$ cat data24.txt   # compact mmCIF, C-alpha atoms
# COMPACT_ATOMS: atom_id res chain seq x y z
CA MET A 1 72.23 88.47 79.18
CA LYS A 2 73.93 91.07 77.00
CA GLY A 3 74.35 94.34 78.89
CA ILE A 4 76.18 96.08 81.73
CA SER A 5 75.75 95.57 85.46
CA CYS A 6 77.49 98.07 87.72
CA ILE A 7 78.57 96.65 91.08
CA ILE A 8 79.34 99.16 93.83
CA THR A 9 80.88 97.79 97.01
CA ALA A 10 79.86 99.56 100.22
CA ALA A 11 80.25 96.85 102.85
CA GLY A 12 83.52 97.65 104.62
CA LYS A 13 84.30 98.21 108.29
CA ASN A 14 85.21 101.90 107.86
CA ARG A 15 88.12 101.05 110.18
CA ARG A 16 90.72 103.63 109.12
CA MET A 17 88.28 106.53 108.98
CA ARG A 18 86.82 105.61 112.37
CA GLU A 19 90.36 105.46 113.75
CA ASP A 20 91.12 108.94 112.39
CA PHE A 21 87.95 110.41 113.89
CA ARG A 22 88.76 108.80 117.24
CA ASN A 23 92.34 110.11 117.21
CA LYS A 24 91.17 113.61 116.36
CA GLY A 25 88.55 113.59 119.10
CA LYS A 26 85.81 114.04 116.51
CA LYS A 27 82.39 112.44 116.36
CA ILE A 28 82.75 109.17 114.45
CA GLU A 29 81.10 109.19 111.03
CA HIS A 30 80.96 106.65 108.23
CA LYS A 31 83.21 107.79 105.41
CA LEU A 32 80.52 107.03 102.82
CA LEU A 33 78.23 109.52 104.57
CA LEU A 34 80.72 112.40 104.55
CA LYS A 35 79.47 115.15 102.25
CA ILE A 36 80.67 116.27 98.85
CA ASN A 37 78.54 118.94 97.15
CA ASN A 38 76.09 118.60 100.06
CA ALA A 39 75.46 114.92 99.32
CA PRO A 40 76.90 111.76 100.92
CA ILE A 41 79.89 110.22 99.15
CA LEU A 42 77.97 107.01 98.46
CA THR A 43 75.04 108.91 96.94
CA CYS A 44 77.43 110.83 94.66
CA THR A 45 79.16 107.65 93.48
CA VAL A 46 75.90 105.85 92.68
CA LYS A 47 74.31 108.81 90.91
CA LYS A 48 77.37 109.29 88.72
CA ALA A 49 77.40 105.60 87.76
CA LEU A 50 73.73 105.83 86.81
CA GLU A 51 74.61 108.55 84.29
CA THR A 52 76.45 105.95 82.16
CA ASP A 53 75.07 103.26 79.85
CA LEU A 54 74.20 100.78 82.58
CA ASN A 55 71.37 98.28 82.58
CA GLU A 56 71.45 97.91 86.37
CA CYS A 57 73.39 99.23 89.35
CA ILE A 58 73.89 96.87 92.31
CA VAL A 59 75.07 98.30 95.63
CA VAL A 60 76.37 95.66 98.05
CA LEU A 61 76.02 96.53 101.75
CA GLY A 62 77.46 94.80 104.82
CA HIS A 63 78.86 96.56 107.89
CA PHE A 64 76.79 99.58 109.02
CA MET A 65 74.13 98.89 106.39
CA ASP A 66 71.41 100.52 108.49
CA GLU A 67 73.39 103.77 108.46
CA LEU A 68 73.90 103.64 104.69
CA TYR A 69 70.40 102.76 103.50
CA PRO A 70 69.04 106.36 103.75
CA SER A 71 71.78 107.64 101.40
CA LEU A 72 70.50 105.20 98.75
CA GLU A 73 66.79 105.55 99.33
CA VAL A 74 66.91 109.14 98.03
CA ILE A 75 67.88 107.85 94.56
CA ASN A 76 64.88 107.31 92.32
CA ASP A 77 66.07 105.05 89.52
CA SER A 78 64.57 101.67 88.64
CA ARG A 79 68.03 100.34 87.73
CA LEU A 80 69.23 100.63 91.33
CA LYS A 81 69.27 97.37 93.30
CA ILE A 82 70.46 97.15 96.90
CA ILE A 83 71.63 93.80 98.28
CA GLU A 84 73.22 92.69 101.54
CA ASN A 85 76.07 90.33 102.32
CA PRO A 86 74.66 87.28 104.15
CA ASP A 87 77.71 87.44 106.43
CA VAL A 88 79.06 90.95 107.03
CA ASP A 89 82.50 89.70 108.17
CA VAL A 90 83.91 88.98 104.72
CA GLU A 91 86.70 90.43 102.60
CA LEU A 92 86.20 92.64 99.56
CA SER A 93 86.47 89.64 97.23
CA GLN A 94 83.32 88.08 98.66
CA THR A 95 81.42 91.38 98.64
CA LEU A 96 82.24 91.77 94.96
CA LEU A 97 81.32 88.15 94.26
CA ASN A 98 77.94 88.66 95.95
CA GLY A 99 77.31 91.50 93.53
CA VAL A 100 78.37 89.42 90.54
CA LEU A 101 76.15 86.49 91.50
CA ASN A 102 73.18 88.86 91.71
CA ALA A 103 73.97 90.56 88.38
CA LYS A 104 71.72 89.92 85.38
CA TYR A 105 74.10 91.02 82.65
CA ASP A 106 77.25 89.70 81.00
CA TYR A 107 79.61 92.59 81.71
CA CYS A 108 80.41 94.33 85.00
CA LEU A 109 81.61 97.81 85.85
CA CYS A 110 83.07 97.54 89.35
CA LEU A 111 83.35 100.58 91.61
CA ALA A 112 84.02 101.23 95.28
CA GLY A 113 81.43 103.27 97.10
CA ASP A 114 84.13 105.75 98.11
CA GLN A 115 84.99 106.70 94.51
CA PRO A 116 82.79 109.76 93.87
CA THR A 117 85.66 111.49 92.07
CA VAL A 118 85.77 108.97 89.22
CA THR A 119 84.19 110.84 86.34
CA LYS A 120 81.28 109.72 84.21
CA LYS A 121 83.66 109.94 81.23
CA THR A 122 86.11 107.46 82.78
CA MET A 123 83.33 105.06 83.79
CA GLN A 124 81.93 105.12 80.26
CA ASN A 125 85.42 104.77 78.80
CA LEU A 126 85.99 101.60 80.83
CA ILE A 127 82.72 100.15 79.51
CA ASP A 128 83.28 101.14 75.89
CA ARG A 129 86.85 99.88 75.73
CA LEU A 130 85.80 96.53 77.16
CA LEU A 131 82.94 96.06 74.73
CA ASN A 132 85.20 96.99 71.80
CA SER A 133 88.21 94.92 72.89
CA PRO A 134 89.31 91.93 70.77
CA GLU A 135 88.56 89.44 73.58
CA PRO A 136 86.05 91.04 75.97
CA GLU A 137 85.52 87.75 77.82
CA ASN A 138 89.22 87.60 78.78
CA THR A 139 89.96 91.29 79.32
CA VAL A 140 90.05 93.70 82.24
CA ILE A 141 89.85 97.42 81.46
CA ILE A 142 91.06 99.33 84.51
CA LEU A 143 91.81 102.87 85.63
CA ALA A 144 95.59 103.15 85.29
CA ARG A 145 97.85 104.36 88.06
CA GLY A 146 100.96 105.08 86.06
CA LYS A 147 101.43 103.12 82.85
CA THR A 148 98.49 103.17 80.42
CA GLY A 149 97.57 100.91 77.51
CA PRO A 150 98.35 97.16 77.59
CA LEU A 151 99.61 96.15 81.03
CA ASP A 152 101.80 93.26 82.13
CA SER A 153 101.33 93.91 85.85
CA ALA A 154 98.43 94.68 88.18
CA HIS A 155 100.69 96.13 90.86
CA GLY A 156 98.87 98.87 92.78
CA LEU A 157 95.66 98.51 90.79
CA GLY A 158 92.09 98.08 91.99
CA MET A 159 88.70 99.55 91.28
CA PRO A 160 87.28 100.95 89.09
CA PHE A 161 87.51 98.37 86.34
CA ALA A 162 85.27 96.57 83.85
CA CYS A 163 85.31 92.93 82.76
CA HIS A 164 83.10 89.96 81.92
CA SER A 165 81.13 88.59 84.86
CA SER A 166 82.40 85.06 84.20
CA LEU A 167 85.98 86.20 84.89
CA LEU A 168 84.96 87.53 88.27
CA GLU A 169 83.04 84.39 89.15
CA GLN A 170 86.06 82.28 88.22
CA TYR A 171 88.63 84.27 90.19
CA LEU A 172 86.56 85.37 93.18
CA GLU A 173 84.94 82.05 94.05
CA GLY A 174 86.30 80.79 97.37
CA GLU A 175 88.66 83.75 97.83
CA GLU A 176 88.86 85.73 101.06
CA ASP A 177 91.19 88.52 100.07
CA ASN A 178 91.54 92.09 98.94
CA LEU A 179 91.27 92.75 95.24
CA ASN A 180 94.86 93.36 94.15
CA PRO A 181 96.21 89.83 94.75
CA ILE A 182 93.32 88.47 92.68
CA LEU A 183 94.06 90.89 89.83
CA ARG A 184 97.70 89.79 89.92
CA ARG A 185 96.64 86.17 89.54
CA MET A 186 94.57 87.15 86.52
CA VAL A 187 97.62 88.75 84.90
CA ALA A 188 99.71 85.65 85.67
CA ASN A 189 97.07 83.53 83.91
CA ASP A 190 97.19 85.66 80.74
CA VAL A 191 94.04 87.67 81.25
CA SER A 192 94.52 90.83 79.14
CA PHE A 193 94.76 94.07 81.10
CA TYR A 194 94.43 97.56 79.64
CA GLY A 195 94.99 100.72 81.67
CA VAL A 196 92.84 103.78 80.92
CA GLN A 197 94.27 107.26 81.52
CA GLU A 198 92.63 109.27 84.29
CA GLN A 199 90.73 112.45 83.41
CA ASN A 200 92.29 114.29 86.34
CA LYS A 201 94.38 113.53 89.43
CA LEU A 202 91.31 113.68 91.65
CA GLU A 203 90.18 110.34 90.20
CA LEU A 204 93.25 108.67 91.72
CA ILE A 205 92.57 109.67 95.33
CA ASN A 206 91.27 106.82 97.47
CA ILE A 207 89.20 108.13 100.38
CA ASN A 208 90.53 105.86 103.12
CA ARG A 209 91.62 108.40 105.74
CA TYR A 210 90.22 111.71 106.90
CA ASN A 211 93.07 113.61 105.21
CA ASP A 212 92.13 111.90 101.91
CA TYR A 213 88.64 113.34 102.32
CA LEU A 214 90.06 116.80 102.99
CA ASP A 215 92.26 116.50 99.87
CA VAL A 216 89.21 115.63 97.79
CA LEU A 217 87.28 118.59 99.18
CA ARG A 218 90.17 120.97 98.48
CA HIS A 219 90.66 119.79 94.89
CA TRP A 220 86.89 119.69 94.32
CA ASN A 221 86.47 123.29 95.41
CA GLU A 222 89.48 124.44 93.38
CA ASN A 223 88.02 122.92 90.22
CA LYS A 224 84.48 124.27 90.54

$ encode --input "data24.txt" --output "structure tokens"
Amino acid sequence: MKGISCIITAAGKNRRMREDFRNKGKKIEHKLLLKINNAPILTCTVKKALETDLNECIVVLGHFMDELYPSLEVINDSRLKIIENPDVDVELSQTLLNGVLNAKYDYCLCLAGDQPTVTKKTMQNLIDRLLNSPEPENTVIILARGKTGPLDSAHGLGMPFACHSSLLEQYLEGEEDNLNPILRRMVANDVSFYGVQEQNKLELININRYNDYLDVLRHWNENK
């Protein structure tokens, strides 16, 4: 069906953040429940995605789903759909595939739950550039990390990106891997990649460790 499904992955083990909390002697928290602007990271990411031209927003849960549900239940939007991985012990590729197989629409905007700093403008830019590309069924529009425009390498790239759902089905089926090796295979098979310039450096911070979270808070407060 013509339209945009957003898939937000929120099914990981939270391993590195838990390790940091343990090493610092702090109470262990899920990174997606750490607060930005007095709201959990996951809530911020989902709400921002829902500000774009989406037809539906699918959040895929796995590990610690019971802890994460309350951060989603506060969002009142009929486009929000929460699904669970049948088996929680899977790699990111299968979490993303679960979202794709539950999507109703032809095109997918793919985000990680820990990307609250990606702006609405960038999310919409990814969507618009895909829909207006010469071959939207064979194109990945992705947030660049360095070179922008047409790309001949997916080195270092990951979410957020937008592409046709059939591409994801084709490349994710049967894969148990992180995302980057799969993106590299797409490039090798002549899938077109286009890198979109970030709106600010904050968009490029991945919240994997506790210090990443502190960096986000510092930059966030400086740019208020």

$ residues_around --input "data24.txt" --residues "region 170-184 of chain A" --least-positions-apart "6" --cutoff "8 Å" --atoms "only C-alpha atoms" --output "short mmCIF file (atom, residue, chain, number, x, y, z; two decimals) with C-alpha atoms, in the frame of the given file"
data_model
loop_
_atom_site.label_atom_id
_atom_site.label_comp_id
_atom_site.auth_asym_id
_atom_site.auth_seq_id
_atom_site.Cartn_x
_atom_site.Cartn_y
_atom_site.Cartn_z
CA VAL A 90 83.91 88.98 104.72
CA GLU A 91 86.70 90.43 102.60
CA LEU A 92 86.20 92.64 99.56
CA SER A 93 86.47 89.64 97.23
CA GLN A 94 83.32 88.08 98.66
CA LEU A 96 82.24 91.77 94.96
CA LEU A 97 81.32 88.15 94.26
CA SER A 153 101.33 93.91 85.85
CA ALA A 154 98.43 94.68 88.18
CA HIS A 155 100.69 96.13 90.86
CA GLY A 156 98.87 98.87 92.78
CA LEU A 157 95.66 98.51 90.79
CA GLY A 158 92.09 98.08 91.99
#

$ closest_residue --input "data24.txt" --among "A:Cys110, A:Val191, A:Met123, A:Leu61" --to "Glu135 (chain A)" --atoms "all atoms listed in the file"
A:Val191

$ residues_around --input "data24.txt" --residues "region 38-52 of chain A" --least-positions-apart "2" --cutoff "9 Å" --atoms "all atoms listed in the file" --output "PyMOL selection string"
chain A and resi 6+8+10+31-36+54-57+59+68+71-72+74-75+77+79-80+111-121+123-124+127

$ write_last_selection --input "data24.txt" --atoms "C-alpha atoms" --output "PDB file, in the frame of the given file"
ATOM      1  CA  CYS A   6      77.490  98.070  87.720  1.00  0.00           C
ATOM      2  CA  ILE A   8      79.340  99.160  93.830  1.00  0.00           C
ATOM      3  CA  ALA A  10      79.860  99.560 100.220  1.00  0.00           C
ATOM      4  CA  LYS A  31      83.210 107.790 105.410  1.00  0.00           C
ATOM      5  CA  LEU A  32      80.520 107.030 102.820  1.00  0.00           C
ATOM      6  CA  LEU A  33      78.230 109.520 104.570  1.00  0.00           C
ATOM      7  CA  LEU A  34      80.720 112.400 104.550  1.00  0.00           C
ATOM      8  CA  LYS A  35      79.470 115.150 102.250  1.00  0.00           C
ATOM      9  CA  ILE A  36      80.670 116.270  98.850  1.00  0.00           C
ATOM     10  CA  LEU A  54      74.200 100.780  82.580  1.00  0.00           C
ATOM     11  CA  ASN A  55      71.370  98.280  82.580  1.00  0.00           C
ATOM     12  CA  GLU A  56      71.450  97.910  86.370  1.00  0.00           C
ATOM     13  CA  CYS A  57      73.390  99.230  89.350  1.00  0.00           C
ATOM     14  CA  VAL A  59      75.070  98.300  95.630  1.00  0.00           C
ATOM     15  CA  LEU A  68      73.900 103.640 104.690  1.00  0.00           C
ATOM     16  CA  SER A  71      71.780 107.640 101.400  1.00  0.00           C
ATOM     17  CA  LEU A  72      70.500 105.200  98.750  1.00  0.00           C
ATOM     18  CA  VAL A  74      66.910 109.140  98.030  1.00  0.00           C
ATOM     19  CA  ILE A  75      67.880 107.850  94.560  1.00  0.00           C
ATOM     20  CA  ASP A  77      66.070 105.050  89.520  1.00  0.00           C
ATOM     21  CA  ARG A  79      68.030 100.340  87.730  1.00  0.00           C
ATOM     22  CA  LEU A  80      69.230 100.630  91.330  1.00  0.00           C
ATOM     23  CA  LEU A 111      83.350 100.580  91.610  1.00  0.00           C
ATOM     24  CA  ALA A 112      84.020 101.230  95.280  1.00  0.00           C
ATOM     25  CA  GLY A 113      81.430 103.270  97.100  1.00  0.00           C
ATOM     26  CA  ASP A 114      84.130 105.750  98.110  1.00  0.00           C
ATOM     27  CA  GLN A 115      84.990 106.700  94.510  1.00  0.00           C
ATOM     28  CA  PRO A 116      82.790 109.760  93.870  1.00  0.00           C
ATOM     29  CA  THR A 117      85.660 111.490  92.070  1.00  0.00           C
ATOM     30  CA  VAL A 118      85.770 108.970  89.220  1.00  0.00           C
ATOM     31  CA  THR A 119      84.190 110.840  86.340  1.00  0.00           C
ATOM     32  CA  LYS A 120      81.280 109.720  84.210  1.00  0.00           C
ATOM     33  CA  LYS A 121      83.660 109.940  81.230  1.00  0.00           C
ATOM     34  CA  MET A 123      83.330 105.060  83.790  1.00  0.00           C
ATOM     35  CA  GLN A 124      81.930 105.120  80.260  1.00  0.00           C
ATOM     36  CA  ILE A 127      82.720 100.150  79.510  1.00  0.00           C
TER      37      ILE A 127
END

$ atom_distance --input "data24.txt" --atom1 "CA of Ser165 (chain A)" --atom2 "CA of Gly149 (chain A)"
21.8 Å

$ atom_distance --input "data24.txt" --atom1 "CA of Asn76 (chain A)" --atom2 "CA of Tyr105 (chain A)"
21.1 Å

$ closest_residue --input "data24.txt" --among "A:Pro70, A:Gly195, A:Pro134, A:Pro160" --to "Gly146 (chain A)" --atoms "all atoms listed in the file"
A:Gly195

$ closest_residue --input "data24.txt" --among "A:Asn37, A:Asp87, A:Lys13, A:Ser192" --to "Trp220 (chain A)" --atoms "all atoms listed in the file"
A:Asn37

$ closest_residue --input "data24.txt" --among "A:Arg129, A:Arg145, A:Arg218, A:Arg185" --to "Cys163 (chain A)" --atoms "all atoms listed in the file"
A:Arg129

$ decode --input "data24.txt" --residues "region 102-121 of chain A" --atoms "N, CA and C atoms" --output "mmCIF file, in the first residue's frame"
data_model
loop_
_atom_site.group_PDB
_atom_site.id
_atom_site.type_symbol
_atom_site.label_atom_id
_atom_site.label_comp_id
_atom_site.auth_asym_id
_atom_site.auth_seq_id
_atom_site.Cartn_x
_atom_site.Cartn_y
_atom_site.Cartn_z
ATOM 1 N N ASN A 102 5.388 -6.566 9.596
ATOM 2 C CA ASN A 102 4.143 -6.081 10.187
ATOM 3 C C ASN A 102 3.725 -4.720 9.635
ATOM 4 N N ALA A 103 4.499 -4.184 8.690
ATOM 5 C CA ALA A 103 4.209 -2.871 8.119
ATOM 6 C C ALA A 103 3.159 -2.982 7.013
ATOM 7 N N LYS A 104 2.284 -2.008 6.947
ATOM 8 C CA LYS A 104 1.223 -1.992 5.940
ATOM 9 C C LYS A 104 1.636 -1.281 4.653
ATOM 10 N N TYR A 105 2.659 -0.440 4.735
ATOM 11 C CA TYR A 105 2.919 0.487 3.638
ATOM 12 C C TYR A 105 4.209 0.169 2.897
ATOM 13 N N ASP A 106 4.338 0.740 1.700
ATOM 14 C CA ASP A 106 5.412 0.373 0.778
ATOM 15 C C ASP A 106 6.792 0.849 1.219
ATOM 16 N N TYR A 107 6.844 2.006 1.868
ATOM 17 C CA TYR A 107 8.133 2.607 2.210
ATOM 18 C C TYR A 107 8.321 2.637 3.718
ATOM 19 N N CYS A 108 9.585 2.512 4.138
ATOM 20 C CA CYS A 108 9.900 2.438 5.568
ATOM 21 C C CYS A 108 10.917 3.505 5.955
ATOM 22 N N LEU A 109 10.626 4.203 7.044
ATOM 23 C CA LEU A 109 11.604 5.038 7.720
ATOM 24 C C LEU A 109 12.060 4.247 8.933
ATOM 25 N N CYS A 110 13.352 3.954 9.011
ATOM 26 C CA CYS A 110 13.876 3.081 10.059
ATOM 27 C C CYS A 110 14.710 3.883 11.047
ATOM 28 N N LEU A 111 14.333 3.796 12.314
ATOM 29 C CA LEU A 111 14.999 4.522 13.387
ATOM 30 C C LEU A 111 15.331 3.568 14.525
ATOM 31 N N ALA A 112 16.368 3.921 15.285
ATOM 32 C CA ALA A 112 16.634 3.222 16.538
ATOM 33 C C ALA A 112 15.942 3.981 17.659
ATOM 34 N N GLY A 113 15.483 3.261 18.649
ATOM 35 C CA GLY A 113 14.795 3.891 19.761
ATOM 36 C C GLY A 113 15.653 4.888 20.513
ATOM 37 N N ASP A 114 16.988 4.735 20.416
ATOM 38 C CA ASP A 114 17.891 5.627 21.137
ATOM 39 C C ASP A 114 18.374 6.788 20.264
ATOM 40 N N GLN A 115 17.524 7.232 19.323
ATOM 41 C CA GLN A 115 17.889 8.346 18.449
ATOM 42 C C GLN A 115 16.944 9.545 18.625
ATOM 43 N N PRO A 116 16.787 10.039 19.856
ATOM 44 C CA PRO A 116 15.897 11.179 20.068
ATOM 45 C C PRO A 116 16.449 12.484 19.515
ATOM 46 N N THR A 117 17.747 12.495 19.200
ATOM 47 C CA THR A 117 18.367 13.730 18.718
ATOM 48 C C THR A 117 18.206 13.927 17.215
ATOM 49 N N VAL A 118 17.771 12.882 16.503
ATOM 50 C CA VAL A 118 17.507 13.057 15.073
ATOM 51 C C VAL A 118 16.301 13.978 14.925
ATOM 52 N N THR A 119 16.463 15.039 14.172
ATOM 53 C CA THR A 119 15.429 16.059 14.091
ATOM 54 C C THR A 119 14.280 15.639 13.187
ATOM 55 N N LYS A 120 13.137 16.251 13.427
ATOM 56 C CA LYS A 120 11.988 16.051 12.549
ATOM 57 C C LYS A 120 12.350 16.409 11.110
ATOM 58 N N LYS A 121 13.145 17.470 10.935
ATOM 59 C CA LYS A 121 13.536 17.902 9.588
ATOM 60 C C LYS A 121 14.328 16.823 8.864
#
